[in-house]
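S.K.: Structure file model.txt, compact mmCIF, N, CA and C atoms, is pasted below:
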```txt
# COMPACT_ATOMS: atom_id res chain seq x y z
N MET Z 266 111.36 115.55 127.62
CA MET Z 266 111.91 114.25 127.91
C MET Z 266 113.41 114.37 128.11
N THR Z 267 113.88 113.78 129.19
CA THR Z 267 115.32 113.72 129.45
C THR Z 267 115.72 112.26 129.51
N ALA Z 268 117.02 112.04 129.59
CA ALA Z 268 117.54 110.67 129.63
C ALA Z 268 117.08 109.91 130.87
N ASP Z 269 116.64 110.61 131.92
CA ASP Z 269 116.19 109.92 133.13
C ASP Z 269 114.68 109.92 133.29
N THR Z 270 113.95 110.28 132.23
CA THR Z 270 112.50 110.25 132.24
C THR Z 270 112.02 108.87 131.81
N PRO Z 271 111.16 108.24 132.60
CA PRO Z 271 110.64 106.93 132.18
C PRO Z 271 109.94 106.99 130.83
N ILE Z 272 110.04 105.93 130.07
CA ILE Z 272 109.33 105.80 128.81
C ILE Z 272 107.83 105.77 129.13
N THR Z 273 107.05 106.52 128.38
CA THR Z 273 105.61 106.59 128.64
C THR Z 273 104.82 105.72 127.66
N ASP Z 274 103.59 105.40 128.06
CA ASP Z 274 102.70 104.66 127.16
C ASP Z 274 102.48 105.44 125.87
N GLU Z 275 102.37 106.77 125.97
CA GLU Z 275 102.16 107.59 124.77
C GLU Z 275 103.36 107.51 123.84
N GLU Z 276 104.58 107.54 124.37
CA GLU Z 276 105.78 107.40 123.54
C GLU Z 276 105.77 106.07 122.80
N ILE Z 277 105.38 105.02 123.50
CA ILE Z 277 105.33 103.69 122.90
C ILE Z 277 104.28 103.66 121.79
N LYS Z 278 103.13 104.24 122.05
CA LYS Z 278 102.06 104.29 121.05
C LYS Z 278 102.53 105.02 119.79
N VAL Z 279 103.14 106.17 119.96
CA VAL Z 279 103.64 106.95 118.83
C VAL Z 279 104.73 106.17 118.09
N PHE Z 280 105.65 105.57 118.83
CA PHE Z 280 106.73 104.79 118.23
C PHE Z 280 106.18 103.64 117.39
N LEU Z 281 105.23 102.90 117.92
CA LEU Z 281 104.67 101.77 117.18
C LEU Z 281 103.90 102.24 115.94
N SER Z 282 103.24 103.39 116.02
CA SER Z 282 102.57 103.95 114.84
C SER Z 282 103.58 104.33 113.77
N GLU Z 283 104.70 104.91 114.19
CA GLU Z 283 105.78 105.24 113.25
C GLU Z 283 106.30 103.98 112.59
N TYR Z 284 106.44 102.93 113.38
CA TYR Z 284 106.95 101.66 112.85
C TYR Z 284 105.99 101.07 111.82
N GLU Z 285 104.69 101.07 112.12
CA GLU Z 285 103.71 100.56 111.16
C GLU Z 285 103.80 101.32 109.84
N ALA Z 286 103.85 102.64 109.93
CA ALA Z 286 103.94 103.46 108.72
C ALA Z 286 105.23 103.18 107.96
N ALA Z 287 106.33 103.07 108.68
CA ALA Z 287 107.62 102.80 108.03
C ALA Z 287 107.61 101.43 107.37
N ALA Z 288 107.10 100.43 108.06
CA ALA Z 288 107.05 99.07 107.49
C ALA Z 288 106.15 99.04 106.25
N ASN Z 289 105.04 99.76 106.30
CA ASN Z 289 104.13 99.78 105.15
C ASN Z 289 104.67 100.57 103.98
N SER Z 290 105.70 101.38 104.19
CA SER Z 290 106.33 102.10 103.07
C SER Z 290 107.14 101.15 102.20
N GLN Z 291 107.49 99.99 102.74
CA GLN Z 291 108.31 98.98 102.08
C GLN Z 291 109.65 99.55 101.62
N ASP Z 292 110.20 100.42 102.44
CA ASP Z 292 111.52 101.00 102.20
C ASP Z 292 112.29 100.91 103.51
N PHE Z 293 113.30 100.04 103.55
CA PHE Z 293 114.01 99.80 104.80
C PHE Z 293 114.67 101.07 105.33
N ASP Z 294 115.02 102.00 104.48
CA ASP Z 294 115.61 103.24 104.96
C ASP Z 294 114.65 103.99 105.88
N ASN Z 295 113.35 103.78 105.74
CA ASN Z 295 112.37 104.39 106.63
C ASN Z 295 112.26 103.63 107.95
N VAL Z 296 112.65 102.37 107.95
CA VAL Z 296 112.55 101.52 109.13
C VAL Z 296 113.84 101.56 109.95
N ARG Z 297 114.95 101.71 109.31
CA ARG Z 297 116.28 101.56 109.91
C ARG Z 297 116.47 102.33 111.22
N ASP Z 298 116.08 103.60 111.28
CA ASP Z 298 116.31 104.39 112.49
C ASP Z 298 115.46 103.94 113.67
N LEU Z 299 114.47 103.11 113.42
CA LEU Z 299 113.62 102.60 114.49
C LEU Z 299 114.18 101.31 115.09
N ILE Z 300 115.30 100.84 114.53
CA ILE Z 300 115.90 99.58 114.95
C ILE Z 300 117.31 99.84 115.47
N HIS Z 301 117.60 99.35 116.64
CA HIS Z 301 118.93 99.49 117.24
C HIS Z 301 119.94 98.73 116.36
N PRO Z 302 121.16 99.26 116.21
CA PRO Z 302 122.16 98.58 115.37
C PRO Z 302 122.46 97.14 115.79
N ASN Z 303 122.29 96.82 117.07
CA ASN Z 303 122.57 95.46 117.56
C ASN Z 303 121.30 94.62 117.74
N ALA Z 304 120.21 95.04 117.15
CA ALA Z 304 118.93 94.37 117.34
C ALA Z 304 118.92 92.95 116.80
N ILE Z 305 118.05 92.16 117.41
CA ILE Z 305 117.75 90.80 116.95
C ILE Z 305 116.27 90.76 116.59
N PHE Z 306 115.98 90.36 115.36
CA PHE Z 306 114.61 90.12 114.94
C PHE Z 306 114.47 88.62 114.75
N ARG Z 307 113.57 88.01 115.47
CA ARG Z 307 113.35 86.56 115.40
C ARG Z 307 112.01 86.30 114.73
N PHE Z 308 112.10 85.67 113.55
CA PHE Z 308 110.92 85.32 112.78
C PHE Z 308 110.85 83.80 112.67
N ASN Z 309 109.77 83.28 112.10
CA ASN Z 309 109.62 81.83 111.95
C ASN Z 309 110.77 81.22 111.14
N ASP Z 310 111.36 82.00 110.23
CA ASP Z 310 112.41 81.45 109.37
C ASP Z 310 113.82 81.76 109.87
N GLY Z 311 113.96 82.25 111.11
CA GLY Z 311 115.30 82.42 111.66
C GLY Z 311 115.49 83.71 112.43
N ASP Z 312 116.72 83.87 112.91
CA ASP Z 312 117.13 85.07 113.63
C ASP Z 312 117.93 85.97 112.70
N PHE Z 313 117.67 87.26 112.79
CA PHE Z 313 118.35 88.24 111.96
C PHE Z 313 118.93 89.28 112.91
N ILE Z 314 120.26 89.43 112.87
CA ILE Z 314 120.96 90.25 113.84
C ILE Z 314 121.66 91.40 113.12
N GLY Z 315 121.35 92.61 113.55
CA GLY Z 315 121.96 93.80 112.96
C GLY Z 315 121.20 94.29 111.75
N HIS Z 316 121.46 95.54 111.40
CA HIS Z 316 120.71 96.20 110.33
C HIS Z 316 120.74 95.46 109.00
N GLU Z 317 121.89 94.99 108.56
CA GLU Z 317 121.95 94.39 107.23
C GLU Z 317 121.17 93.08 107.15
N ALA Z 318 121.27 92.26 108.19
CA ALA Z 318 120.52 91.00 108.19
C ALA Z 318 119.01 91.28 108.27
N ILE Z 319 118.65 92.24 109.11
CA ILE Z 319 117.24 92.59 109.25
C ILE Z 319 116.72 93.21 107.95
N ARG Z 320 117.53 94.04 107.31
CA ARG Z 320 117.15 94.60 106.00
C ARG Z 320 116.85 93.46 105.02
N GLY Z 321 117.71 92.46 104.97
CA GLY Z 321 117.51 91.34 104.05
C GLY Z 321 116.18 90.63 104.31
N ALA Z 322 115.85 90.43 105.59
CA ALA Z 322 114.58 89.76 105.92
C ALA Z 322 113.39 90.60 105.47
N PHE Z 323 113.44 91.90 105.73
CA PHE Z 323 112.34 92.79 105.31
C PHE Z 323 112.23 92.80 103.80
N GLU Z 324 113.35 92.99 103.12
CA GLU Z 324 113.30 93.12 101.66
C GLU Z 324 112.89 91.81 100.99
N ASN Z 325 113.23 90.68 101.59
CA ASN Z 325 112.77 89.40 101.07
C ASN Z 325 111.24 89.31 101.13
N THR Z 326 110.68 89.74 102.23
CA THR Z 326 109.22 89.74 102.36
C THR Z 326 108.59 90.71 101.38
N TRP Z 327 109.13 91.93 101.33
CA TRP Z 327 108.57 92.94 100.44
C TRP Z 327 108.73 92.57 98.97
N GLY Z 328 109.69 91.72 98.63
CA GLY Z 328 109.94 91.35 97.25
C GLY Z 328 108.94 90.37 96.67
N GLN Z 329 108.07 89.83 97.52
CA GLN Z 329 107.06 88.90 97.03
C GLN Z 329 105.99 89.67 96.26
N ASP Z 330 105.31 88.98 95.36
CA ASP Z 330 104.29 89.62 94.53
C ASP Z 330 102.96 89.70 95.29
N ILE Z 331 102.87 90.72 96.14
CA ILE Z 331 101.68 90.90 96.98
C ILE Z 331 101.13 92.30 96.72
N GLN Z 332 99.85 92.37 96.41
CA GLN Z 332 99.21 93.66 96.17
C GLN Z 332 98.47 94.10 97.44
N ASP Z 333 98.34 95.41 97.59
CA ASP Z 333 97.58 95.99 98.71
C ASP Z 333 98.05 95.46 100.06
N GLU Z 334 99.34 95.26 100.17
CA GLU Z 334 99.90 94.72 101.41
C GLU Z 334 99.79 95.74 102.54
N ARG Z 335 99.42 95.26 103.73
CA ARG Z 335 99.29 96.13 104.90
C ARG Z 335 99.71 95.35 106.14
N TYR Z 336 100.51 96.00 106.98
CA TYR Z 336 100.97 95.43 108.25
C TYR Z 336 100.50 96.35 109.36
N TYR Z 337 99.91 95.77 110.41
CA TYR Z 337 99.48 96.60 111.54
C TYR Z 337 99.41 95.76 112.81
N LEU Z 338 99.43 96.46 113.94
CA LEU Z 338 99.44 95.82 115.25
C LEU Z 338 98.11 96.06 115.96
N THR Z 339 97.67 95.05 116.70
CA THR Z 339 96.49 95.18 117.55
C THR Z 339 96.81 94.56 118.90
N ASN Z 340 95.94 94.75 119.85
CA ASN Z 340 96.09 94.15 121.18
C ASN Z 340 97.45 94.46 121.81
N VAL Z 341 97.93 95.68 121.62
CA VAL Z 341 99.23 96.06 122.19
C VAL Z 341 99.09 96.15 123.70
N ARG Z 342 100.01 95.50 124.38
CA ARG Z 342 100.02 95.50 125.85
C ARG Z 342 101.43 95.81 126.32
N VAL Z 343 101.59 96.88 127.07
CA VAL Z 343 102.88 97.21 127.66
C VAL Z 343 102.99 96.41 128.95
N ILE Z 344 103.99 95.51 129.02
CA ILE Z 344 104.11 94.67 130.22
C ILE Z 344 105.17 95.16 131.19
N SER Z 345 106.07 96.02 130.72
CA SER Z 345 107.02 96.66 131.63
C SER Z 345 107.61 97.88 130.94
N LYS Z 346 108.03 98.84 131.76
CA LYS Z 346 108.69 100.02 131.22
C LYS Z 346 109.44 100.70 132.35
N ASP Z 347 110.55 101.33 131.97
CA ASP Z 347 111.32 102.12 132.91
C ASP Z 347 112.03 103.21 132.12
N VAL Z 348 113.11 103.72 132.65
CA VAL Z 348 113.84 104.81 132.00
C VAL Z 348 114.49 104.36 130.70
N LYS Z 349 115.01 103.14 130.66
CA LYS Z 349 115.82 102.68 129.53
C LYS Z 349 115.10 101.78 128.55
N SER Z 350 114.02 101.12 128.98
CA SER Z 350 113.42 100.14 128.08
C SER Z 350 111.94 99.92 128.39
N ALA Z 351 111.29 99.28 127.43
CA ALA Z 351 109.90 98.87 127.57
C ALA Z 351 109.74 97.53 126.85
N THR Z 352 108.88 96.71 127.38
CA THR Z 352 108.57 95.43 126.76
C THR Z 352 107.08 95.42 126.44
N VAL Z 353 106.77 95.06 125.20
CA VAL Z 353 105.37 95.04 124.76
C VAL Z 353 105.06 93.71 124.09
N THR Z 354 103.82 93.31 124.22
CA THR Z 354 103.31 92.16 123.46
C THR Z 354 102.19 92.70 122.57
N PHE Z 355 101.92 91.98 121.49
CA PHE Z 355 100.91 92.45 120.55
C PHE Z 355 100.51 91.32 119.62
N THR Z 356 99.45 91.58 118.88
CA THR Z 356 99.06 90.73 117.76
C THR Z 356 99.47 91.47 116.50
N PHE Z 357 100.19 90.78 115.60
CA PHE Z 357 100.51 91.42 114.33
C PHE Z 357 99.56 90.88 113.27
N ASN Z 358 99.23 91.75 112.36
CA ASN Z 358 98.27 91.44 111.30
C ASN Z 358 98.90 91.83 109.97
N TRP Z 359 98.84 90.95 109.02
CA TRP Z 359 99.37 91.20 107.69
C TRP Z 359 98.30 90.79 106.70
N THR Z 360 97.93 91.71 105.81
CA THR Z 360 96.92 91.41 104.81
C THR Z 360 97.42 91.82 103.43
N GLY Z 361 96.82 91.27 102.42
CA GLY Z 361 97.16 91.62 101.05
C GLY Z 361 96.41 90.73 100.08
N ARG Z 362 96.81 90.80 98.82
CA ARG Z 362 96.23 89.96 97.78
C ARG Z 362 97.35 89.30 97.00
N VAL Z 363 97.22 88.01 96.78
CA VAL Z 363 98.18 87.25 95.99
C VAL Z 363 97.38 86.56 94.89
N GLU Z 364 97.75 86.86 93.64
CA GLU Z 364 97.06 86.29 92.48
C GLU Z 364 95.55 86.48 92.59
N GLY Z 365 95.14 87.67 93.06
CA GLY Z 365 93.74 88.00 93.16
C GLY Z 365 93.02 87.48 94.39
N ARG Z 366 93.69 86.67 95.19
CA ARG Z 366 93.08 86.11 96.40
C ARG Z 366 93.53 86.90 97.62
N SER Z 367 92.59 87.14 98.53
CA SER Z 367 92.92 87.81 99.79
C SER Z 367 93.70 86.86 100.68
N VAL Z 368 94.74 87.40 101.30
CA VAL Z 368 95.52 86.64 102.27
C VAL Z 368 95.58 87.43 103.56
N ASN Z 369 95.64 86.70 104.67
CA ASN Z 369 95.67 87.34 105.97
C ASN Z 369 96.49 86.46 106.91
N THR Z 370 97.46 87.04 107.55
CA THR Z 370 98.25 86.33 108.54
C THR Z 370 98.14 87.08 109.86
N VAL Z 371 97.91 86.32 110.91
CA VAL Z 371 97.83 86.88 112.25
C VAL Z 371 98.79 86.09 113.12
N GLY Z 372 99.53 86.78 113.96
CA GLY Z 372 100.46 86.10 114.85
C GLY Z 372 100.69 86.92 116.10
N LYS Z 373 101.54 86.39 116.94
CA LYS Z 373 101.87 87.05 118.20
C LYS Z 373 103.27 87.63 118.13
N GLY Z 374 103.46 88.74 118.83
CA GLY Z 374 104.76 89.39 118.84
C GLY Z 374 105.12 89.87 120.23
N THR Z 375 106.41 89.92 120.47
CA THR Z 375 106.98 90.51 121.68
C THR Z 375 108.14 91.37 121.24
N SER Z 376 108.19 92.59 121.76
CA SER Z 376 109.29 93.49 121.43
C SER Z 376 109.86 94.09 122.69
N VAL Z 377 111.16 94.28 122.66
CA VAL Z 377 111.84 95.07 123.68
C VAL Z 377 112.31 96.33 122.98
N ILE Z 378 111.91 97.45 123.53
CA ILE Z 378 112.22 98.76 122.97
C ILE Z 378 113.15 99.46 123.95
N VAL Z 379 114.21 100.06 123.44
CA VAL Z 379 115.16 100.77 124.30
C VAL Z 379 115.22 102.24 123.90
N ARG Z 380 115.61 103.04 124.87
CA ARG Z 380 115.88 104.44 124.56
C ARG Z 380 117.37 104.52 124.24
N ASN Z 381 117.68 104.90 123.01
CA ASN Z 381 119.05 105.00 122.53
C ASN Z 381 119.27 106.45 122.11
N GLU Z 382 120.05 107.19 122.89
CA GLU Z 382 120.28 108.60 122.61
C GLU Z 382 118.96 109.35 122.44
N ARG Z 383 118.06 109.17 123.39
CA ARG Z 383 116.75 109.84 123.44
C ARG Z 383 115.77 109.40 122.37
N ARG Z 384 116.12 108.40 121.59
CA ARG Z 384 115.24 107.88 120.53
C ARG Z 384 114.85 106.45 120.87
N LEU Z 385 113.58 106.11 120.74
CA LEU Z 385 113.18 104.73 120.97
C LEU Z 385 113.56 103.89 119.76
N GLN Z 386 114.03 102.67 120.04
CA GLN Z 386 114.39 101.73 118.99
C GLN Z 386 114.11 100.31 119.47
N PHE Z 387 113.80 99.44 118.51
CA PHE Z 387 113.67 98.01 118.83
C PHE Z 387 115.06 97.44 119.05
N ILE Z 388 115.22 96.67 120.12
CA ILE Z 388 116.45 95.90 120.31
C ILE Z 388 116.13 94.41 120.14
N LEU Z 389 114.86 94.05 120.31
CA LEU Z 389 114.42 92.67 120.09
C LEU Z 389 113.00 92.70 119.55
N GLU Z 390 112.77 91.94 118.50
CA GLU Z 390 111.42 91.72 118.00
C GLU Z 390 111.29 90.23 117.73
N HIS Z 391 110.27 89.63 118.30
CA HIS Z 391 110.03 88.20 118.11
C HIS Z 391 108.60 88.03 117.62
N LEU Z 392 108.46 87.58 116.38
CA LEU Z 392 107.16 87.33 115.78
C LEU Z 392 107.00 85.84 115.53
N SER Z 393 105.83 85.31 115.84
CA SER Z 393 105.57 83.92 115.52
C SER Z 393 104.10 83.75 115.15
N SER Z 394 103.87 82.80 114.27
CA SER Z 394 102.48 82.58 113.82
C SER Z 394 101.76 81.67 114.78
```
How does the structure come out when it is put into structure tokens?
M.R.:
Amino acid sequence: MTADTPITDEEIKVFLSEYEAAANSQDFDNVRDLIHPNAIFRFNDGDFIGHEAIRGAFENTWGQDIQDERYYLTNVRVISKDVKSATVTFTFNWTGRVEGRSVNTVGKGTSVIVRNERRLQFILEHLSS
């Protein structure tokens, strides 16, 4: 892969798998390198811009008393890609147990992924229920 090689579907698949694993580790240090320093993450409760704001949003979610928590993506669709970026849509799935009860959240997501110094990173993530 060189800086002028288009982003491939396989690269996107591997990147998203890395992201799922990093998010499920519940350690932002594992997620950080997958996020561009100027990224915007848009969730139902607001916009989070840059690593520290995004860290706060992740850690707030992870700080809840949820057992067997799991985050994963389905229905991933690459809608555009070129040398510098790719745009994907997906269904996000979040499961776990709260006070012994199973919980499940499903929503829609759109991400813009950029190649930053030969590494793929999110520059925009928009999740909504």
S.K.: Between atom N of Asp312 in chain Z and atom C of Asp294 in chain Z, what is the distance, to one decimal in Å?
M.R.: 21.4 Å
S.K.: What lies within 6 Å of range 344-358 of chain Z using only C-alpha atoms, ignoring chain neighbours under 5 positions off, as a list in words?
M.R.: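 Selected residues are Asp269, Thr270, Pro271, Ile272, Tyr336, Tyr337, Leu338, Thr339, Thr370, Val371, Gly372, Lys373, Gly374, Thr375, Ser376, Val377, Ile378, Val379 and Arg380 of chain Z.
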S.K.: Any chance you could list, as an MDAnalysis selection string, the residues in chain Z that come up alpha helix (DSSP H) when DSSP is run on the backbone?
M.R.: chainID Z and resid 274:290 293:296 315:327
S.K.: To one decimal in Å, tell me the separation between atom N of Glu324 in chain Z and CA of Glu364 in chain Z.
M.R.: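 Between atom N of Glu324 in chain Z and CA of Glu364 in chain Z the gap is 20.6 Å.
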S.K.: Grab the CA of Arg335 in chain Z to CA of Ser367 in chain Z distance for me, in Å with one decimal place.
M.R.: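 Going from CA of Arg335 in chain Z over to CA of Ser367 in chain Z covers 11.7 Å.
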S.K.: Using all atoms listed in the file, pick whichever of Z:Leu385, Z:Gly361, Z:Leu392, Z:Asn325 has the shortest atom-to-atom distance to His301 in chain Z.
M.R.: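 The answer is Z:Leu385, which sits nearest to His301 in chain Z.
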S.K.: Could you pull out the strand (DSSP E) residues of chain Z from DSSP and send them as number ranges by chain?
M.R.: Z: 300-308, 311-314, 332-346, 350-363, 366-381, 384-393
S.K.: Of the candidates Z:Asn303, Z:Gln291, Z:Asn309, Z:Thr360, which one gets nearest to Gln332 in chain Z if we count all atoms listed in the file?
M.R.: Z:Thr360
S.K.: Looking at Z:Val363, Z:Ser394, Z:Ile388, Z:Leu281, which one is nearest to Ile305 in chain Z, with distances taken over only N, CA and C atoms?
M.R.: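 Of Z:Val363, Z:Ser394, Z:Ile388, Z:Leu281, the one nearest Ile305 in chain Z is Z:Ile388, counting only N, CA and C atoms.
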S.K.: Go through Z:Trp327, Z:Arg362, Z:Asp333, Z:Pro302 one by one, measure the shortest atom-to-atom distance of each to Gly315 in chain Z using all atoms listed in the file, and give the residue with the smallest value.
M.R.: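 Between Z:Trp327, Z:Arg362, Z:Asp333, Z:Pro302, the residue approaching Gly315 in chain Z most closely is Z:Pro302.
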S.K.: Find the axis-aligned box for range 305-317 of chain Z, covering all its listed atoms and adding 5 Å on each side, and write its centre and edge lengths in Å to one decimal as lines of an AutoDock Vina configuration file.
M.R.:
```
center_x = 115.8
center_y = 88.7
center_z = 112.3
size_x = 22.3
size_y = 25.0
size_z = 20.3
```
S.K.: Residues near range 297-299 of chain Z, anyone? I mean within 6 Å using all atoms listed in the file, not counting same-chain ones fewer than 4 positions away, as a ChimeraX atom specification.
M.R.: /Z:293,385-387
S.K.: With N, CA and C atoms kept, could you save the residues just selected as an mmCIF file, in the frame of the given file?
M.R.:
```cif
data_model
loop_
_atom_site.group_PDB
_atom_site.id
_atom_site.type_symbol
_atom_site.label_atom_id
_atom_site.label_comp_id
_atom_site.auth_asym_id
_atom_site.auth_seq_id
_atom_site.Cartn_x
_atom_site.Cartn_y
_atom_site.Cartn_z
ATOM 1 N N PHE Z 293 113.300 100.040 103.550
ATOM 2 C CA PHE Z 293 114.010 99.800 104.800
ATOM 3 C C PHE Z 293 114.670 101.070 105.330
ATOM 4 N N LEU Z 385 113.580 106.110 120.740
ATOM 5 C CA LEU Z 385 113.180 104.730 120.970
ATOM 6 C C LEU Z 385 113.560 103.890 119.760
ATOM 7 N N GLN Z 386 114.030 102.670 120.040
ATOM 8 C CA GLN Z 386 114.390 101.730 118.990
ATOM 9 C C GLN Z 386 114.110 100.310 119.470
ATOM 10 N N PHE Z 387 113.800 99.440 118.510
ATOM 11 C CA PHE Z 387 113.670 98.010 118.830
ATOM 12 C C PHE Z 387 115.060 97.440 119.050
#
```
S.K.: Name the closest residue to Glu317 in chain Z among the candidates Z:Ile331, Z:Phe280, Z:Ile300, Z:Arg342; distances are taken between atoms, counting only C-alpha atoms.
M.R.: Z:Ile300
